[in-house]
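J.: You'll find coords_32.cif just under this line, and it carries mmCIF, C-alpha atoms.
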```cif
data_model
#
loop_
_atom_site.group_PDB
_atom_site.id
_atom_site.type_symbol
_atom_site.label_atom_id
_atom_site.label_comp_id
_atom_site.auth_asym_id
_atom_site.auth_seq_id
_atom_site.Cartn_x
_atom_site.Cartn_y
_atom_site.Cartn_z
ATOM 1 C CA MET E 1 -42.835 7.271 41.399
ATOM 2 C CA GLU E 2 -39.714 9.404 40.944
ATOM 3 C CA THR E 3 -37.506 9.011 37.897
ATOM 4 C CA SER E 4 -34.446 7.854 39.859
ATOM 5 C CA GLU E 5 -36.534 5.322 41.761
ATOM 6 C CA LEU E 6 -38.056 4.083 38.491
ATOM 7 C CA LEU E 7 -34.623 3.693 36.860
ATOM 8 C CA LYS E 8 -33.310 1.745 39.862
ATOM 9 C CA LYS E 9 -36.278 -0.610 39.678
ATOM 10 C CA VAL E 10 -35.866 -1.090 35.895
ATOM 11 C CA ARG E 11 -32.145 -1.788 36.351
ATOM 12 C CA ARG E 12 -32.841 -4.316 39.138
ATOM 13 C CA ILE E 13 -35.415 -6.117 36.968
ATOM 14 C CA GLU E 14 -33.033 -6.049 33.986
ATOM 15 C CA ILE E 15 -30.199 -7.641 35.963
ATOM 16 C CA LYS E 16 -32.484 -10.257 37.544
ATOM 17 C CA THR E 17 -34.238 -11.256 34.329
ATOM 18 C CA LYS E 18 -31.257 -11.174 31.969
ATOM 19 C CA GLY E 19 -29.698 -14.163 33.714
ATOM 20 C CA LEU E 20 -32.952 -16.102 33.538
ATOM 21 C CA SER E 21 -33.447 -15.356 29.856
ATOM 22 C CA ASN E 22 -29.865 -16.407 29.046
ATOM 23 C CA HIS E 23 -30.344 -19.830 30.602
ATOM 24 C CA LEU E 24 -33.987 -20.676 30.056
ATOM 25 C CA PHE E 25 -34.646 -19.424 26.551
ATOM 26 C CA ALA E 26 -31.317 -19.851 24.771
ATOM 27 C CA GLY E 27 -31.177 -20.604 21.043
ATOM 28 C CA GLU E 28 -32.512 -19.308 17.777
ATOM 29 C CA TYR E 29 -35.695 -20.308 16.035
ATOM 30 C CA HIS E 30 -35.237 -22.474 12.980
ATOM 31 C CA SER E 31 -38.300 -23.410 11.059
ATOM 32 C CA THR E 32 -39.113 -26.995 10.259
ATOM 33 C CA PHE E 33 -40.273 -25.790 6.863
ATOM 34 C CA LYS E 34 -37.841 -26.565 4.083
ATOM 35 C CA GLY E 35 -37.916 -24.381 1.056
ATOM 36 C CA ARG E 36 -36.448 -21.229 -0.420
ATOM 37 C CA GLY E 37 -35.311 -19.709 2.858
ATOM 38 C CA MET E 38 -32.313 -17.623 3.704
ATOM 39 C CA SER E 39 -29.788 -20.107 5.063
ATOM 40 C CA PHE E 40 -28.416 -22.986 3.011
ATOM 41 C CA SER E 41 -29.016 -26.339 4.683
ATOM 42 C CA GLU E 42 -27.755 -29.146 2.431
ATOM 43 C CA VAL E 43 -27.497 -30.648 -1.031
ATOM 44 C CA ARG E 44 -29.389 -33.866 -1.532
ATOM 45 C CA GLU E 45 -30.213 -36.131 -4.422
ATOM 46 C CA TYR E 46 -33.157 -35.117 -6.583
ATOM 47 C CA GLN E 47 -36.410 -36.899 -5.728
ATOM 48 C CA TYR E 48 -39.550 -37.124 -7.804
ATOM 49 C CA GLY E 49 -41.674 -34.049 -7.145
ATOM 50 C CA ASP E 50 -38.813 -31.676 -6.271
ATOM 51 C CA ASP E 51 -38.847 -28.281 -7.917
ATOM 52 C CA ILE E 52 -36.461 -28.379 -10.880
ATOM 53 C CA ARG E 53 -35.496 -24.750 -10.222
ATOM 54 C CA LEU E 54 -33.632 -25.958 -7.113
ATOM 55 C CA ILE E 55 -31.259 -28.229 -9.033
ATOM 56 C CA ASP E 56 -27.604 -27.476 -8.253
ATOM 57 C CA TRP E 57 -26.076 -27.789 -11.680
ATOM 58 C CA ASN E 58 -22.440 -27.758 -10.465
ATOM 59 C CA VAL E 59 -22.936 -30.758 -8.149
ATOM 60 C CA THR E 60 -25.105 -32.495 -10.768
ATOM 61 C CA ALA E 61 -22.331 -32.137 -13.375
ATOM 62 C CA ARG E 62 -19.647 -33.459 -11.021
ATOM 63 C CA LEU E 63 -21.608 -36.501 -9.800
ATOM 64 C CA ASN E 64 -23.618 -37.313 -12.949
ATOM 65 C CA ASN E 65 -26.841 -37.415 -10.925
ATOM 66 C CA PRO E 66 -29.275 -34.571 -10.307
ATOM 67 C CA TYR E 67 -28.910 -32.872 -6.900
ATOM 68 C CA VAL E 68 -30.997 -30.093 -5.378
ATOM 69 C CA LYS E 69 -30.146 -27.387 -2.864
ATOM 70 C CA VAL E 70 -32.209 -27.411 0.317
ATOM 71 C CA TYR E 71 -32.657 -24.201 2.303
ATOM 72 C CA GLU E 72 -33.895 -23.715 5.839
ATOM 73 C CA GLU E 73 -36.198 -20.827 6.564
ATOM 74 C CA GLU E 74 -35.424 -18.638 9.538
ATOM 75 C CA ARG E 75 -38.438 -17.063 11.091
ATOM 76 C CA GLU E 76 -38.516 -13.762 12.876
ATOM 77 C CA LEU E 77 -41.142 -13.809 15.568
ATOM 78 C CA THR E 78 -43.206 -10.985 16.962
ATOM 79 C CA VAL E 79 -43.882 -11.259 20.682
ATOM 80 C CA MET E 80 -46.920 -9.338 21.924
ATOM 81 C CA LEU E 81 -47.183 -8.976 25.680
ATOM 82 C CA VAL E 82 -50.883 -8.611 26.474
ATOM 83 C CA ILE E 83 -51.199 -7.783 30.160
ATOM 84 C CA ASP E 84 -54.238 -7.225 32.373
ATOM 85 C CA VAL E 85 -53.645 -4.114 34.505
ATOM 86 C CA SER E 86 -57.008 -3.994 36.254
ATOM 87 C CA GLN E 87 -57.302 -3.590 40.038
ATOM 88 C CA SER E 88 -57.109 -7.379 40.476
ATOM 89 C CA ASP E 89 -53.320 -7.092 40.044
ATOM 90 C CA TYR E 90 -52.836 -5.462 43.416
ATOM 91 C CA PHE E 91 -52.885 -8.523 45.596
ATOM 92 C CA GLY E 92 -50.408 -11.296 46.245
ATOM 93 C CA THR E 93 -48.243 -12.830 48.911
ATOM 94 C CA THR E 94 -46.274 -10.937 51.535
ATOM 95 C CA HIS E 95 -43.247 -11.059 49.237
ATOM 96 C CA GLN E 96 -44.594 -9.874 45.896
ATOM 97 C CA PHE E 97 -47.732 -8.481 44.304
ATOM 98 C CA LYS E 98 -49.228 -10.023 41.183
ATOM 99 C CA ASN E 99 -48.389 -6.923 39.087
ATOM 100 C CA GLU E 100 -44.702 -7.104 40.124
ATOM 101 C CA MET E 101 -44.569 -10.771 39.100
ATOM 102 C CA MET E 102 -46.153 -9.943 35.725
ATOM 103 C CA THR E 103 -43.533 -7.227 35.172
ATOM 104 C CA GLU E 104 -40.712 -9.691 35.843
ATOM 105 C CA ILE E 105 -42.212 -12.354 33.583
ATOM 106 C CA ALA E 106 -42.707 -9.797 30.799
ATOM 107 C CA ALA E 107 -39.089 -8.663 31.228
ATOM 108 C CA VAL E 108 -37.749 -12.240 30.985
ATOM 109 C CA LEU E 109 -39.767 -12.889 27.829
ATOM 110 C CA SER E 110 -38.709 -9.546 26.342
ATOM 111 C CA PHE E 111 -34.994 -10.034 26.967
ATOM 112 C CA SER E 112 -35.105 -13.552 25.559
ATOM 113 C CA ALA E 113 -36.900 -12.210 22.482
ATOM 114 C CA ILE E 114 -34.294 -9.537 21.749
ATOM 115 C CA GLN E 115 -31.518 -12.113 22.114
ATOM 116 C CA ASN E 116 -33.116 -13.874 19.143
ATOM 117 C CA SER E 117 -33.656 -10.623 17.206
ATOM 118 C CA ASP E 118 -37.411 -10.769 17.610
ATOM 119 C CA LYS E 119 -39.774 -7.830 17.864
ATOM 120 C CA VAL E 120 -41.600 -7.149 21.133
ATOM 121 C CA GLY E 121 -44.788 -5.139 21.631
ATOM 122 C CA LEU E 122 -47.002 -4.350 24.605
ATOM 123 C CA LEU E 123 -50.742 -4.049 25.146
ATOM 124 C CA LEU E 124 -52.004 -3.065 28.592
ATOM 125 C CA PHE E 125 -55.719 -3.429 29.186
ATOM 126 C CA SER E 126 -58.313 -3.288 31.930
ATOM 127 C CA ASN E 127 -61.912 -2.851 30.814
ATOM 128 C CA LYS E 128 -60.446 -0.952 27.814
ATOM 129 C CA VAL E 129 -57.080 -0.694 26.083
ATOM 130 C CA GLU E 130 -54.892 1.437 28.347
ATOM 131 C CA THR E 131 -51.571 1.465 26.477
ATOM 132 C CA TYR E 132 -50.368 0.071 23.176
ATOM 133 C CA ILE E 133 -46.707 0.009 22.164
ATOM 134 C CA PRO E 134 -46.148 -1.392 18.667
ATOM 135 C CA PRO E 135 -43.596 -4.209 18.219
ATOM 136 C CA LYS E 136 -39.973 -3.182 17.652
ATOM 137 C CA LYS E 137 -36.505 -4.589 18.138
ATOM 138 C CA GLY E 138 -33.783 -3.390 20.474
ATOM 139 C CA LYS E 139 -32.812 -3.026 24.090
ATOM 140 C CA GLN E 140 -34.038 0.585 24.341
ATOM 141 C CA HIS E 141 -37.487 -0.550 23.263
ATOM 142 C CA ILE E 142 -37.505 -3.333 25.872
ATOM 143 C CA LEU E 143 -36.486 -0.910 28.597
ATOM 144 C CA ARG E 144 -39.317 1.398 27.520
ATOM 145 C CA ILE E 145 -41.765 -1.509 27.832
ATOM 146 C CA ILE E 146 -40.495 -2.368 31.322
ATOM 147 C CA ARG E 147 -40.664 1.297 32.392
ATOM 148 C CA GLU E 148 -44.229 1.455 31.100
ATOM 149 C CA LEU E 149 -45.168 -1.670 33.083
ATOM 150 C CA ILE E 150 -43.601 -0.376 36.294
ATOM 151 C CA ASP E 151 -45.006 3.112 35.907
ATOM 152 C CA PHE E 152 -48.537 1.949 35.111
#
```
In structure tokens, how does this file's structure come out?
T.:
Amino acid sequence: METSELLKKVRRIEIKTKGLSNHLFAGEYHSTFKGRGMSFSEVREYQYGDDIRLIDWNVTARLNNPYVKVYEEERELTVMLVIDVSQSDYFGTTHQFKNEMMTEIAAVLSFSAIQNSDKVGLLLFSNKVETYIPPKKGKQHILRIIRELIDF
């Protein structure tokens, strides 16, 4: 496949999948785990068993009752796209082959992941590991992954 043809195909997939990822997978990941995370969540009254290191002494002094700070952990996810690239991918309907559909699905997942500042990696395999791209962030990395999927 020529470079210009490859770039056109990557651009077409990017445009098609960006809209899907904006609507289907919108939002950030917030953990349900409360603890010593990065973003402040609330101040609540001290309960038996709470860690005394979390006591907010300014609020406690103002209200004459012990209060603790509660934080919410934000989790950064790593998305690994593990894709079978054996000869079984080259069949499908009259409209689209199975390998083309897998490329589009991988692109949608990748673009939604970078919108949430997640890392994306790729592992292509058949009867052995064909290609491995370690997880990274960024649009350039995603475009490299899509190019690799199309080119393979």
J.: Counting only C-alpha atoms, what is within 8 Å of range 118-122 of chain E, bar same-chain residues fewer than 3 positions away, as an MDAnalysis selection string?
T.: chainID E and resid 76:83 110 113:115 131:138 142 145
J.: Please measure the separation of CA of Phe97 in chain E and CA of Lys139 in chain E, giving the value in Å to one decimal.
T.: 25.7 Å
J.: So how far away is CA of Phe152 in chain E from CA of Gln87 in chain E, in Å?
T.: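 Interatomic distance, CA of Gln87 in chain E to CA of Phe152 in chain E: 11.5 Å.
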J.: Take CA of Asp151 in chain E and CA of Ser117 in chain E and report the distance between them in Å, one decimal.
T.: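 Atom-to-atom, CA of Asp151 in chain E and CA of Ser117 in chain E are spaced 25.8 Å apart.
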J.: Hey, what's within 9 Å of range 44-48 of chain E if we count all atoms listed in the file and toss same-chain stuff fewer than 6 positions away? As a short mmCIF file (atom, residue, chain, number, x, y, z; two decimals) with C-alpha atoms, keeping the file's coordinate frame, please?
T.:
```
data_model
loop_
_atom_site.label_atom_id
_atom_site.label_comp_id
_atom_site.auth_asym_id
_atom_site.auth_seq_id
_atom_site.Cartn_x
_atom_site.Cartn_y
_atom_site.Cartn_z
CA ILE E 55 -31.26 -28.23 -9.03
CA THR E 60 -25.10 -32.49 -10.77
CA ASN E 65 -26.84 -37.42 -10.92
CA PRO E 66 -29.28 -34.57 -10.31
CA TYR E 67 -28.91 -32.87 -6.90
CA VAL E 68 -31.00 -30.09 -5.38
CA LYS E 69 -30.15 -27.39 -2.86
CA VAL E 70 -32.21 -27.41 0.32
#
```
J.: Closest to Leu124 in chain E among E:Glu148, E:His95, E:Ala107, E:Trp57, using only C-alpha atoms?
T.: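 Using only C-alpha atoms, Leu124 in chain E sits closest to E:Glu148.
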